[in-house]
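As provided, model34.cif (mmCIF, C-alpha atoms) reads as follows.
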data_my_file
#
loop_
_atom_site.label_atom_id
_atom_site.label_comp_id
_atom_site.auth_asym_id
_atom_site.auth_seq_id
_atom_site.Cartn_x
_atom_site.Cartn_y
_atom_site.Cartn_z
CA MET A 24 -56.58 58.86 106.64
CA THR A 25 -55.09 56.90 109.48
CA LEU A 26 -57.36 54.16 110.80
CA PRO A 27 -56.97 52.75 114.30
CA PRO A 28 -56.10 49.03 114.19
CA THR A 29 -59.21 48.25 116.20
CA ALA A 30 -62.11 50.08 117.77
CA THR A 31 -64.39 48.99 120.58
CA ALA A 32 -68.06 48.61 119.78
CA GLY A 33 -69.96 51.71 120.84
CA ALA A 34 -66.85 53.64 121.89
CA ALA A 35 -65.88 57.01 120.46
CA PHE A 36 -62.77 57.30 118.33
CA SER A 37 -61.41 59.57 115.64
CA ILE A 38 -59.79 59.11 112.27
CA PRO A 39 -57.14 61.69 111.36
CA THR A 40 -57.14 62.85 107.74
CA THR A 41 -54.71 64.85 105.65
CA GLY A 42 -55.22 67.22 102.74
CA SER A 43 -57.89 69.83 102.28
CA GLY A 44 -61.37 70.18 100.89
CA PRO A 45 -64.58 68.21 101.37
CA ALA A 46 -64.75 64.43 101.28
CA VAL A 47 -67.05 61.60 102.27
CA LEU A 48 -66.12 58.80 104.62
CA TYR A 49 -67.92 55.46 104.36
CA ILE A 50 -67.48 52.73 106.95
CA VAL A 51 -69.13 49.62 105.56
CA GLY A 52 -69.37 46.07 106.81
CA PRO A 53 -71.97 43.32 106.92
CA ASP A 54 -73.22 44.49 110.29
CA GLN A 55 -73.35 48.25 109.83
CA ALA A 56 -72.81 51.04 107.32
CA LEU A 57 -71.98 54.67 108.14
CA ARG A 58 -71.48 57.79 106.02
CA ARG A 59 -69.88 61.00 107.22
CA ASP A 60 -69.23 64.25 105.39
CA VAL A 61 -65.72 65.32 106.33
CA GLN A 62 -63.34 68.20 105.86
CA LEU A 63 -59.92 66.85 104.93
CA GLY A 64 -57.21 67.89 107.31
CA ASN A 65 -59.52 67.54 110.29
CA PRO A 66 -60.02 64.32 112.21
CA VAL A 67 -63.32 62.53 111.68
CA ALA A 68 -65.03 62.02 115.01
CA ILE A 69 -66.99 58.83 115.40
CA ALA A 70 -69.12 59.48 118.44
CA ALA A 71 -69.92 57.00 121.19
CA GLY A 72 -72.71 54.72 120.06
CA ASP A 73 -72.23 55.43 116.34
CA LEU A 74 -70.32 52.29 115.40
CA TYR A 75 -71.61 49.58 117.67
CA ASN A 76 -71.62 46.25 115.85
CA ALA A 77 -68.50 44.11 116.16
CA GLY A 78 -66.98 42.91 112.91
CA GLU A 79 -64.76 43.74 109.98
CA TYR A 80 -65.31 47.04 108.18
CA LEU A 81 -64.01 48.70 105.07
CA ALA A 82 -63.41 52.43 105.55
CA ILE A 83 -63.40 54.45 102.33
CA LEU A 84 -62.53 58.11 102.05
CA VAL A 85 -63.90 59.58 98.81
CA ALA A 86 -62.45 62.96 97.85
CA GLY A 87 -63.42 63.95 94.34
CA SER A 88 -62.13 61.23 92.06
CA SER A 89 -59.60 59.89 94.50
CA ASN A 90 -60.47 57.19 96.99
CA THR A 91 -58.44 55.74 99.81
CA SER A 92 -59.53 52.78 101.87
CA GLY A 93 -58.49 50.49 104.68
CA GLU A 94 -59.73 47.83 107.05
CA LEU A 95 -61.12 48.52 110.48
CA ALA A 96 -61.90 45.84 113.06
CA VAL A 97 -64.52 46.55 115.70
CA THR A 98 -64.34 44.37 118.81
CA PRO A 99 -67.19 43.71 121.25
CA ALA A 100 -67.52 45.90 124.32
CA PRO A 101 -65.85 44.16 127.27
CA HIS A 102 -68.77 44.12 129.70
CA PRO A 103 -71.70 41.71 129.56
CA ASP A 104 -75.15 43.18 129.23
CA THR A 105 -77.30 40.23 128.18
CA LEU A 106 -77.04 36.53 128.86
CA SER A 107 -78.79 34.21 126.47
CA PHE A 108 -79.45 31.30 128.81
CA LEU A 109 -80.56 27.94 127.45
CA ALA A 110 -81.64 25.77 130.39
CA ALA A 111 -83.16 22.34 130.04
CA PRO A 112 -85.30 20.53 130.84
CA SER A 113 -88.05 22.62 132.41
CA ARG A 114 -89.21 19.54 134.35
CA VAL A 115 -86.81 16.94 135.67
CA PRO A 116 -87.00 13.97 138.05
CA VAL A 117 -85.24 14.42 141.38
CA GLY A 118 -81.87 12.82 142.00
CA LEU A 119 -80.85 12.67 138.35
CA HIS A 120 -77.08 12.86 137.76
CA ASN A 121 -76.30 15.75 135.38
CA GLY A 122 -80.04 16.00 134.85
CA ILE A 123 -80.07 19.77 134.34
CA SER A 124 -78.04 21.55 131.70
CA GLY A 125 -77.40 25.20 131.07
CA ALA A 126 -75.61 27.03 128.27
CA VAL A 127 -74.99 30.75 128.27
CA TYR A 128 -74.00 33.02 125.40
CA VAL A 129 -72.66 36.33 126.71
CA PHE A 130 -73.49 39.52 124.79
CA ASP A 131 -72.55 43.16 125.26
CA ALA A 132 -75.02 46.04 125.21
CA TYR A 133 -75.09 45.98 121.40
CA HIS A 134 -75.78 42.26 121.10
CA ASN A 135 -72.21 41.45 120.15
CA LEU A 136 -71.01 38.07 121.36
CA ILE A 137 -68.19 38.77 123.81
CA THR A 138 -65.40 36.47 122.74
CA SER A 139 -62.84 37.22 125.43
CA PRO A 140 -63.14 34.79 128.37
CA ILE A 141 -65.69 35.76 131.02
CA GLN A 142 -66.47 33.88 134.22
CA VAL A 143 -70.06 32.66 134.29
CA SER A 144 -71.53 31.38 137.52
CA PHE A 145 -74.34 28.83 137.37
CA GLN A 146 -76.34 28.35 140.55
CA LEU A 147 -79.16 25.89 141.21
CA THR A 148 -81.21 26.73 144.28
CA GLY A 149 -83.86 24.19 145.21
CA SER A 150 -86.62 24.21 147.78
CA SER A 151 -84.27 22.54 150.28
CA GLY A 152 -80.58 21.91 150.70
CA PRO A 153 -77.62 24.05 149.77
CA ALA A 154 -77.34 25.76 146.40
CA LEU A 155 -75.19 24.03 143.83
CA THR A 156 -72.76 26.39 142.11
CA ARG A 157 -70.42 26.02 139.16
CA THR A 158 -68.20 28.74 137.71
CA ILE A 159 -67.16 28.29 134.11
CA ALA A 160 -65.11 30.55 131.81
CA THR A 161 -66.61 31.25 128.41
CA ARG A 162 -64.91 29.95 125.31
CA ASN A 163 -65.82 31.74 122.08
CA GLY A 164 -68.52 33.53 124.04
CA VAL A 165 -70.26 30.50 125.48
CA ALA A 166 -70.14 28.62 128.79
CA TRP A 167 -72.08 25.53 129.73
CA THR A 168 -72.56 23.15 132.61
CA GLU A 169 -74.53 20.16 133.82
CA ILE A 170 -75.84 19.86 137.38
CA ASP A 171 -77.53 17.03 139.33
CA SER A 172 -81.15 17.61 140.17
CA ALA A 173 -81.94 17.89 143.89
CA SER A 174 -83.21 15.00 146.01
CA LYS A 175 -86.37 16.85 147.06
CA GLN A 176 -89.16 17.84 144.76
CA GLY A 177 -90.14 21.46 144.21
CA SER A 178 -89.37 24.46 142.05
CA ALA A 179 -85.68 25.26 141.67
CA LYS A 180 -84.14 28.50 140.45
CA PHE A 181 -81.39 28.05 137.92
CA ILE A 182 -79.43 31.29 137.78
CA ALA A 183 -76.67 32.25 135.37
CA GLN A 184 -74.60 35.27 136.33
CA ALA A 185 -71.67 37.11 134.72
CA ASP A 186 -70.17 40.40 135.80
CA GLY A 187 -73.29 41.47 137.70
CA VAL A 188 -75.73 40.45 134.98
CA SER A 189 -77.99 37.52 135.78
CA THR A 190 -80.77 35.52 134.19
CA THR A 191 -83.02 33.03 135.96
CA ARG A 192 -84.89 29.97 134.77
CA VAL A 193 -87.27 27.92 136.88
CA ILE A 194 -86.84 24.17 136.83
CA ASP A 195 -89.62 21.99 138.18
CA GLU A 196 -88.02 19.11 140.04
CA VAL A 197 -90.55 16.31 140.26
CA PRO A 198 -90.50 12.90 141.96
CA GLY A 199 -88.72 10.12 140.12
CA ASP A 200 -90.03 6.64 139.48
CA PRO A 201 -91.73 4.76 142.32
CA CYS A 202 -89.36 2.92 144.58
CA GLY A 203 -90.21 -0.16 146.68
CA LEU A 204 -93.73 -0.51 145.28
CA THR A 205 -95.64 -2.95 147.50
CA ILE A 206 -99.23 -4.16 147.79
CA SER A 207 -101.32 -5.92 150.38
CA ALA A 208 -104.76 -7.54 150.10
CA GLN A 209 -107.75 -7.86 152.40
CA PRO A 210 -110.92 -9.90 151.80
CA ASP A 211 -114.06 -7.88 151.17
CA GLY A 212 -116.90 -10.36 150.81
CA ALA A 213 -116.36 -12.28 147.57
CA ARG A 214 -113.69 -9.84 146.47
CA LEU A 215 -110.27 -8.65 147.53
CA LEU A 216 -109.35 -5.10 148.34
CA VAL A 217 -105.82 -4.72 146.97
CA GLN A 218 -103.96 -1.58 148.01
CA THR A 219 -100.47 -0.21 147.68
CA ALA A 220 -98.43 1.17 150.52
CA PRO A 221 -97.88 4.96 150.10
CA VAL A 222 -96.08 5.24 146.76
CA ARG A 223 -92.83 7.21 146.91
CA ASP A 224 -89.67 7.60 144.88
CA CYS A 225 -86.28 6.48 146.13
CA SER A 226 -85.73 9.86 147.83
CA GLY A 227 -89.01 9.61 149.73
CA ASN A 228 -90.94 12.11 147.61
CA PRO A 229 -94.60 11.15 147.20
CA ILE A 230 -95.52 10.16 143.67
CA PRO A 231 -98.11 12.63 142.31
CA ASP A 232 -101.81 11.77 142.37
CA GLY A 233 -102.97 10.54 138.99
CA THR A 234 -99.88 8.43 138.30
CA ILE A 235 -101.15 5.09 136.99
CA VAL A 236 -100.53 1.87 138.90
CA THR A 237 -101.32 -1.42 137.17
CA PHE A 238 -102.63 -4.39 139.16
CA THR A 239 -102.56 -7.81 137.48
CA GLU A 240 -104.29 -10.95 138.78
CA ASN A 241 -103.46 -14.35 137.30
CA TYR A 242 -105.67 -17.30 138.08
CA ASN A 243 -106.05 -20.61 136.34
CA GLY A 244 -104.53 -19.32 133.09
CA ALA A 245 -106.75 -16.21 132.98
CA GLN A 246 -105.50 -12.71 133.59
CA THR A 247 -107.33 -9.65 134.94
CA THR A 248 -105.72 -6.22 134.73
CA ALA A 249 -106.76 -2.93 136.31
CA ASP A 250 -105.09 0.48 135.74
CA VAL A 251 -105.72 2.72 138.72
CA PRO A 252 -104.54 6.28 139.41
CA ILE A 253 -102.81 7.08 142.68
CA LYS A 254 -105.04 9.07 144.99
CA LYS A 255 -103.67 10.52 148.22
CA ASP A 256 -100.41 8.54 147.90
CA VAL A 257 -102.04 5.13 147.41
CA ALA A 258 -103.76 3.17 144.67
CA GLN A 259 -106.38 0.58 145.43
CA VAL A 260 -108.68 -1.74 143.53
CA ASP A 261 -111.22 -4.53 144.08
CA MET A 262 -110.30 -7.80 142.40
CA PRO A 263 -111.94 -11.25 142.35
CA ALA A 264 -110.95 -13.36 145.38
CA TYR A 265 -109.82 -16.62 143.76
CA ARG A 266 -108.03 -18.99 146.04
CA GLY A 267 -104.53 -19.58 144.56
CA ALA A 268 -104.56 -16.39 142.45
CA THR A 269 -101.40 -14.32 142.18
CA ILE A 270 -101.61 -10.53 142.14
CA SER A 271 -98.76 -8.27 141.07
CA VAL A 272 -98.29 -4.53 140.78
CA ALA A 273 -96.30 -2.20 138.51
CA SER A 274 -96.09 1.47 137.65
CA GLY A 275 -94.40 2.56 134.46
CA VAL A 276 -91.18 0.58 134.18
CA VAL A 277 -91.12 -0.25 137.89
CA ALA A 278 -92.41 -3.64 139.04
CA GLY A 279 -93.54 -4.12 142.63
CA ASN A 280 -94.12 -7.20 144.73
CA GLN A 281 -96.39 -10.14 144.00
CA ILE A 282 -98.81 -11.77 146.48
CA ARG A 283 -100.63 -15.10 146.39
CA TRP A 284 -104.16 -15.26 147.77
CA GLU A 285 -104.75 -18.41 149.76
CA GLY A 286 -108.15 -17.60 151.16
CA GLY A 287 -107.53 -15.41 154.11
CA ARG A 288 -103.93 -16.25 154.85
CA MET B 27 -58.13 14.96 108.67
CA SER B 28 -60.16 17.60 106.99
CA LEU B 29 -62.75 17.18 104.31
CA ARG B 30 -62.10 19.34 101.30
CA LEU B 31 -64.86 20.14 98.88
CA LEU B 32 -66.14 22.82 96.61
CA ALA B 33 -69.30 24.68 97.33
CA ALA B 34 -71.21 27.48 95.72
CA GLY B 35 -71.23 30.50 97.96
CA CYS B 36 -71.65 34.10 96.83
CA ALA B 37 -70.21 33.20 93.45
CA LEU B 38 -73.66 32.05 92.38
CA PHE B 39 -74.78 35.63 92.42
CA LEU B 40 -71.83 37.13 90.60
CA SER B 41 -70.88 37.37 86.98
CA ALA B 42 -70.07 34.44 84.76
CA ALA B 43 -66.39 35.26 85.13
CA ALA B 44 -66.67 35.04 88.84
CA LEU B 45 -68.41 31.69 88.65
CA ALA B 46 -65.06 30.14 87.91
CA ASP B 47 -64.03 31.18 91.40
CA GLU B 48 -66.34 29.11 93.54
CA PRO B 49 -65.26 29.15 97.15
CA SER B 50 -63.30 26.24 98.44
CA VAL B 51 -64.61 24.73 101.63
CA GLU B 52 -62.70 22.76 104.21
CA VAL B 53 -64.54 21.20 107.11
CA GLU B 54 -62.49 20.17 110.11
CA PRO B 55 -63.78 17.41 112.38
CA PRO B 56 -65.77 18.93 115.24
CA SER B 57 -63.83 20.00 118.31
CA LEU B 58 -66.71 20.06 120.70
CA GLN B 59 -67.18 21.49 124.10
CA GLY B 60 -70.48 20.26 125.44
CA SER B 61 -71.78 16.85 126.40
CA ARG B 62 -74.18 16.29 123.54
CA PRO B 63 -72.91 13.99 120.81
CA LEU B 64 -73.08 15.44 117.32
CA GLU B 65 -74.52 13.13 114.70
CA LYS B 66 -72.94 13.23 111.27
CA GLN B 67 -76.26 14.12 109.63
CA THR B 68 -76.53 17.12 111.93
CA SER B 69 -73.05 18.42 111.19
CA VAL B 70 -73.57 17.94 107.45
CA ALA B 71 -76.88 19.83 107.61
CA VAL B 72 -75.39 22.66 109.63
CA VAL B 73 -72.49 23.16 107.23
CA ARG B 74 -74.79 22.94 104.20
CA ASP B 75 -77.24 25.46 105.64
CA TYR B 76 -74.45 27.82 106.66
CA LEU B 77 -72.90 27.83 103.20
CA GLU B 78 -76.35 28.47 101.71
CA SER B 79 -76.74 31.39 104.08
CA TRP B 80 -73.63 32.97 102.54
CA GLN B 81 -75.34 32.95 99.16
CA LYS B 82 -78.34 34.79 100.58
CA PHE B 83 -76.17 37.15 102.59
CA CYS B 84 -74.17 38.10 99.50
CA ALA B 85 -77.26 38.55 97.35
CA ALA B 86 -79.10 40.57 99.99
CA LEU B 87 -76.19 42.98 100.58
CA ASP B 88 -75.57 43.33 96.84
CA GLN B 89 -79.20 43.93 95.92
CA ASN B 90 -80.18 45.70 99.15
CA GLN B 91 -83.08 43.29 99.60
CA VAL B 92 -83.86 42.40 103.19
CA GLY B 93 -86.31 39.66 102.21
CA LEU B 94 -83.51 37.51 100.85
CA LEU B 95 -82.27 37.02 104.40
CA ASP B 96 -85.43 35.43 105.72
CA PRO B 97 -84.86 31.78 104.80
CA ASP B 98 -81.43 31.66 106.44
CA PHE B 99 -81.07 34.31 109.13
CA VAL B 100 -82.94 34.86 112.35
CA GLY B 101 -82.65 36.93 115.51
CA THR B 102 -79.64 39.18 115.99
CA ALA B 103 -77.92 38.15 112.76
CA ARG B 104 -80.96 38.97 110.69
CA SER B 105 -81.71 42.26 112.38
CA LYS B 106 -78.11 43.49 112.03
CA LEU B 107 -77.87 42.53 108.38
CA ALA B 108 -81.29 44.04 107.69
CA ALA B 109 -80.24 47.29 109.35
CA THR B 110 -77.09 47.40 107.22
CA ILE B 111 -79.14 46.92 104.07
CA GLY B 112 -81.38 49.79 105.14
CA GLU B 113 -78.35 52.02 105.77
CA GLN B 114 -76.76 51.07 102.46
CA ALA B 115 -79.97 51.84 100.56
CA LYS B 116 -80.21 55.22 102.30
CA MET B 117 -76.62 56.04 101.34
CA GLY B 118 -77.07 54.87 97.76
CA ILE B 119 -74.46 52.16 97.97
CA HIS B 120 -74.40 48.39 97.83
CA THR B 121 -71.74 45.85 98.73
CA ARG B 122 -70.60 42.89 96.76
CA TYR B 123 -69.01 40.06 98.71
CA GLN B 124 -67.27 37.17 97.02
CA ASP B 125 -66.18 34.39 99.31
CA GLU B 126 -63.01 32.63 98.23
CA SER B 127 -62.62 30.06 100.96
CA HIS B 128 -64.21 28.76 104.11
CA HIS B 129 -62.42 26.73 106.75
CA LEU B 130 -65.11 25.45 109.08
CA GLN B 131 -65.17 23.76 112.44
CA ILE B 132 -68.07 23.09 114.77
CA VAL B 133 -66.94 23.93 118.30
CA PHE B 134 -70.06 23.76 120.47
CA TYR B 135 -73.33 21.86 120.53
CA SER B 136 -75.44 22.95 123.46
CA PRO B 137 -76.63 20.11 125.71
CA GLU B 138 -80.32 20.66 124.97
CA GLY B 139 -79.63 20.64 121.21
CA LEU B 140 -80.89 24.14 120.52
CA SER B 141 -77.70 25.77 119.30
CA ILE B 142 -74.55 24.94 117.43
CA GLN B 143 -71.53 27.20 117.30
CA MET B 144 -69.12 27.12 114.41
CA ILE B 145 -65.90 28.92 113.50
CA ASP B 146 -65.35 29.93 109.90
CA ASP B 147 -61.89 31.13 108.89
CA VAL B 148 -63.02 32.83 105.74
CA GLU B 149 -61.41 34.81 102.96
CA TYR B 150 -63.51 37.04 100.76
CA ASP B 151 -63.38 40.11 98.58
CA GLU B 152 -65.53 43.05 99.57
CA GLN B 153 -66.43 45.63 96.95
CA VAL B 154 -68.38 48.76 97.84
CA LEU B 155 -70.26 50.32 94.94
CA GLU B 156 -72.19 53.52 94.45
CA GLN B 157 -74.58 52.66 91.62
CA ASP B 158 -72.12 50.82 89.37
CA LYS B 159 -69.09 52.81 90.40
CA VAL B 160 -66.65 50.90 92.53
CA LEU B 161 -65.65 52.94 95.55
CA ALA B 162 -63.22 50.40 96.97
CA THR B 163 -62.27 46.75 96.92
CA GLN B 164 -60.64 44.92 99.78
CA HIS B 165 -59.48 41.37 100.31
CA VAL B 166 -60.52 40.31 103.80
CA LYS B 167 -59.25 37.38 105.83
CA THR B 168 -61.12 36.98 109.06
CA ARG B 169 -62.76 34.57 111.44
CA TYR B 170 -66.51 34.38 111.79
CA LEU B 171 -68.16 33.10 114.92
CA VAL B 172 -71.48 31.66 113.93
CA VAL B 173 -74.30 30.41 116.13
CA MET B 174 -77.00 28.42 114.39
CA THR B 175 -80.34 27.33 115.78
CA PRO B 176 -82.80 24.80 114.42
CA ALA B 177 -85.93 26.04 112.67
CA GLU B 178 -88.74 24.01 111.13
CA VAL B 179 -86.76 22.41 108.32
CA ARG B 180 -83.26 23.81 108.53
CA TRP B 181 -80.62 25.43 110.70
CA LYS B 182 -80.68 29.22 110.66
CA VAL B 183 -77.89 31.66 111.46
CA ARG B 184 -78.61 33.53 114.71
CA VAL B 185 -75.18 35.05 115.40
CA PHE B 186 -72.89 36.03 112.53
CA GLN B 187 -69.95 37.95 113.85
CA ALA B 188 -66.49 38.58 112.45
CA GLU B 189 -63.63 38.54 114.89
CA SER B 190 -60.36 40.26 114.07
CA GLU B 191 -57.46 37.83 113.88
#
What is this structure when it is put down as structure tokens?
Amino acid sequence: MTLPPTATAGAAFSIPTTGSGPAVLYIVGPDQALRRDVQLGNPVAIAAGDLYNAGEYLAILVAGSSNTSGELAVTPAPHPDTLSFLAAPSRVPVGLHNGISGAVYVFDAYHNLITSPIQVSFQLTGSSGPALTRTIATRNGVAWTEIDSASKQGSAKFIAQADGVSTTRVIDEVPGDPCGLTISAQPDGARLLVQTAPVRDCSGNPIPDGTIVTFTENYNGAQTTADVPIKKDVAQVDMPAYRGATISVASGVVAGNQIRWEGGR
Amino acid sequence: MSLRLLAAGCALFLSAAALADEPSVEVEPPSLQGSRPLEKQTSVAVVRDYLESWQKFCAALDQNQVGLLDPDFVGTARSKLAATIGEQAKMGIHTRYQDESHHLQIVFYSPEGLSIQMIDDVEYDEQVLEQDKVLATQHVKTRYLVVMTPAEVRWKVRVFQAESE
């Protein structure tokens, strides 16, 4: 028999044979095994879709007590059919440099990794602003990229595309840490009403309701602390109105301003 | 500089005579694309788990037992190998692989840490048997592209594909 040096996964090909009489052809590899009854002297037709897994195969022609064999390499089909798209994270703060990553493995219709270079386009489309696009060639069947998250919060579509095949992931872009956290105080009888200004991140996105803001009052060596969730952009709390007390504010790792209560001033 | 060591691959499942021929393993330093740094413990675990997967692969294809694949293979790699085992059993054949050498290099660690790609320039003998009758033996030198993904306690082979050189 005369084996082709290579065959394409899923494509038809034939193997010419010589001699006469019946024989059996085995094509065996880790990824697939085929058996064909053949008539020596006629070519063995391997139909489209019969041998579809890329890899190394051993072809054996068994005719009575005589066997002949040879190697056959099957290469992936050239066109992408499936993109295995690993995108992370699913939730990311806005304005984060290289905050979103994507890796794509490119497979043909038979789930063979296509190892010849293929251009993969990554596109991040947010709720506002232009789409960010990167085009990367695969190496050993994989392409990857990192993209900055947008400056505005909202759901973003992260799309990987190769040769007309695309896969989409949704990335939730959320506000970052509070920025410019400030408080003011007003007397309310024997107490102080301490309130933040509207809490936003450095891009101006409102910090979500429920985010905890910590108020701390120090007076005469004693400390009072209150953890308060943001509600409708602000957090507020009643604290004892001690003349000479200092009150500070923080949220997570972000510290805000500090005020000193001097009895109405 | 490469690290050279001996490891037990398929030889564990072959005859006593074959045990003398444990595969040699060379591990090249990673040549990574990707931004994620690769810790030494991770690369050691990946190589160890991959070499163990060869043992199970060889045993499964020799004994036509799909269940032997489960600890080490997942996804596409497992389903393709399992299908081959089913086809072999139907044809009344089994295949004996004996790996002689592995030359390994990790080439990609995906940024989110969920996949590692490795190249294995491997040499092995493939023997196709019908019952105990050897139909053919072939020495194969090829390159495997391997994608491994983390499972509960180990890395499993998800893509296991030979590429003609």
- Evaluating the PyMOL selection byres ((chain A) within 10 of (chain B)) on the displayed file yields which residues, as an NGL selection string? :A and (28-29 or 49-58 or 76-85 or 88-99 or 109-112 or 123-128 or 133-136 or 138 or 162-169)
With C-alpha atoms retained, export the selected residues as a CSV table (one decimal), in the coordinates of the input.
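What follows is the written file selection-v8.csv:
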chain,number,residue,atom,x,y,z
A,28,PRO,CA,-56.1,49.0,114.2
A,29,THR,CA,-59.2,48.2,116.2
A,49,TYR,CA,-67.9,55.5,104.4
A,50,ILE,CA,-67.5,52.7,107.0
A,51,VAL,CA,-69.1,49.6,105.6
A,52,GLY,CA,-69.4,46.1,106.8
A,53,PRO,CA,-72.0,43.3,106.9
A,54,ASP,CA,-73.2,44.5,110.3
A,55,GLN,CA,-73.4,48.2,109.8
A,56,ALA,CA,-72.8,51.0,107.3
A,57,LEU,CA,-72.0,54.7,108.1
A,58,ARG,CA,-71.5,57.8,106.0
A,76,ASN,CA,-71.6,46.2,115.8
A,77,ALA,CA,-68.5,44.1,116.2
A,78,GLY,CA,-67.0,42.9,112.9
A,79,GLU,CA,-64.8,43.7,110.0
A,80,TYR,CA,-65.3,47.0,108.2
A,81,LEU,CA,-64.0,48.7,105.1
A,82,ALA,CA,-63.4,52.4,105.6
A,83,ILE,CA,-63.4,54.4,102.3
A,84,LEU,CA,-62.5,58.1,102.0
A,85,VAL,CA,-63.9,59.6,98.8
A,88,SER,CA,-62.1,61.2,92.1
A,89,SER,CA,-59.6,59.9,94.5
A,90,ASN,CA,-60.5,57.2,97.0
A,91,THR,CA,-58.4,55.7,99.8
A,92,SER,CA,-59.5,52.8,101.9
A,93,GLY,CA,-58.5,50.5,104.7
A,94,GLU,CA,-59.7,47.8,107.0
A,95,LEU,CA,-61.1,48.5,110.5
A,96,ALA,CA,-61.9,45.8,113.1
A,97,VAL,CA,-64.5,46.6,115.7
A,98,THR,CA,-64.3,44.4,118.8
A,99,PRO,CA,-67.2,43.7,121.2
A,109,LEU,CA,-80.6,27.9,127.4
A,110,ALA,CA,-81.6,25.8,130.4
A,111,ALA,CA,-83.2,22.3,130.0
A,112,PRO,CA,-85.3,20.5,130.8
A,123,ILE,CA,-80.1,19.8,134.3
A,124,SER,CA,-78.0,21.6,131.7
A,125,GLY,CA,-77.4,25.2,131.1
A,126,ALA,CA,-75.6,27.0,128.3
A,127,VAL,CA,-75.0,30.8,128.3
A,128,TYR,CA,-74.0,33.0,125.4
A,133,TYR,CA,-75.1,46.0,121.4
A,134,HIS,CA,-75.8,42.3,121.1
A,135,ASN,CA,-72.2,41.4,120.2
A,136,LEU,CA,-71.0,38.1,121.4
A,138,THR,CA,-65.4,36.5,122.7
A,162,ARG,CA,-64.9,30.0,125.3
A,163,ASN,CA,-65.8,31.7,122.1
A,164,GLY,CA,-68.5,33.5,124.0
A,165,VAL,CA,-70.3,30.5,125.5
A,166,ALA,CA,-70.1,28.6,128.8
A,167,TRP,CA,-72.1,25.5,129.7
A,168,THR,CA,-72.6,23.2,132.6
A,169,GLU,CA,-74.5,20.2,133.8
- Message: Is it possible to get the residues within 8 Å of (-59.9, 66.6, 111.2) (coordinates as in the file, counting only C-alpha atoms) written as a PyMOL selection string?
- Response: chain A and resi 38-41+61-68
- Message: Would you pick out the contacts of segment 220-234 of chain A at 9 Å or less, using all atoms listed in the file, so that residues sharing its chain but fewer than 6 positions from it are not included, and give the list as a ChimeraX atom specification?
- Response: /A:117-118,174-176,197-207,251-258,274-275
- Query: So what do you get for atom CA of Thr239 of chain A versus atom CA of Val276 of chain A, distance-wise?
  - Reply: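 So the two atoms, atom CA of Thr239 of chain A and atom CA of Val276 of chain A, lie 14.5 Å apart.
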- Task: Work out how far apart atom CA of Ala208 of chain A and atom CA of Trp284 of chain A are and give it in Å to one decimal.
- Result: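 Distance reported for this atom pair: 8.1 Å.
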- Query: Which is closest to Ser144 of chain A among A:Ile270, A:Leu106, A:Arg114, A:Asn121, if we use only C-alpha atoms?
  - Reply: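 Between A:Ile270, A:Leu106, A:Arg114, A:Asn121, the residue approaching Ser144 of chain A most closely is A:Leu106.
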Kindly provide, as AutoDock Vina command-line options, the centre and edge lengths (Å, one decimal) of an axis-aligned box around all atoms of segment 209-218 of chain A given in the file, with 6 Å on each side.
--center_x -110.4 --center_y -6.9 --center_z 149.4 --size_x 24.9 --size_y 22.7 --size_z 17.9
Return as a compact mmCIF listing (two decimals) with C-alpha atoms, in the coordinates of the input the set of residues that the PyMOL selection byres ((chain B and resi 129) around 10) yields on the displayed structure.
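And here's selection-v1.txt as it stands now:
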# COMPACT_ATOMS: atom_id res chain seq x y z
CA SER B 28 -60.16 17.60 106.99
CA LEU B 29 -62.75 17.18 104.31
CA ARG B 30 -62.10 19.34 101.30
CA SER B 50 -63.30 26.24 98.44
CA VAL B 51 -64.61 24.73 101.63
CA GLU B 52 -62.70 22.76 104.21
CA VAL B 53 -64.54 21.20 107.11
CA GLU B 54 -62.49 20.17 110.11
CA SER B 127 -62.62 30.06 100.96
CA HIS B 128 -64.21 28.76 104.11
CA LEU B 130 -65.11 25.45 109.08
CA GLN B 131 -65.17 23.76 112.44
CA ILE B 145 -65.90 28.92 113.50
CA ASP B 146 -65.35 29.93 109.90
CA ASP B 147 -61.89 31.13 108.89
CA VAL B 148 -63.02 32.83 105.74
CA GLU B 149 -61.41 34.81 102.96
CA ARG B 169 -62.76 34.57 111.44
- Message: Using Å and a single decimal, report how far atom CA of Pro101 of chain A sits from atom CA of Gly72 of chain A.
- Response: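 Value for the atom CA of Gly72 of chain A-atom CA of Pro101 of chain A distance: 14.5 Å.
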- Given only C-alpha atoms as the counted atoms, nearest of B:Arg122, B:Gln157, B:Val92, B:Asp98 to Arg74 of chain B: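 Using only C-alpha atoms, the shortest distance to Arg74 of chain B belongs to B:Asp98.
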- Please evaluate the PyMOL selection byres ((chain B and resi 65-68) around 12) against the displayed coordinates and give the resulting residues as a ChimeraX atom specification. /B:55-56,62-64,69-75,132,135,139-142,174-176,180-181
- Task: Place a sphere of radius 8 Å on (-102.8, -6.7, 134.0) in the file coordinates and name every protein, DNA or RNA residue with an atom inside or on its surface, counting only C-alpha atoms; give the answer as an NGL selection string.
- Result: :A and (237-240 or 246-250)
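Proximity to Thr190 of chain A at 9 Å, evaluated using all atoms listed in the file and with sequence-adjacent residues fewer than 3 positions away removed, yields Thr105, Leu106, Ser107, Phe108, Phe181, Ile182, Ala183 and Gln184 of chain A.
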- Proximity to Trp80 of chain B - best of B:Val183, B:Leu58, B:Leu155, B:Val100, only C-alpha atoms: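 That would be B:Val183, the residue with the smallest distance to Trp80 of chain B.
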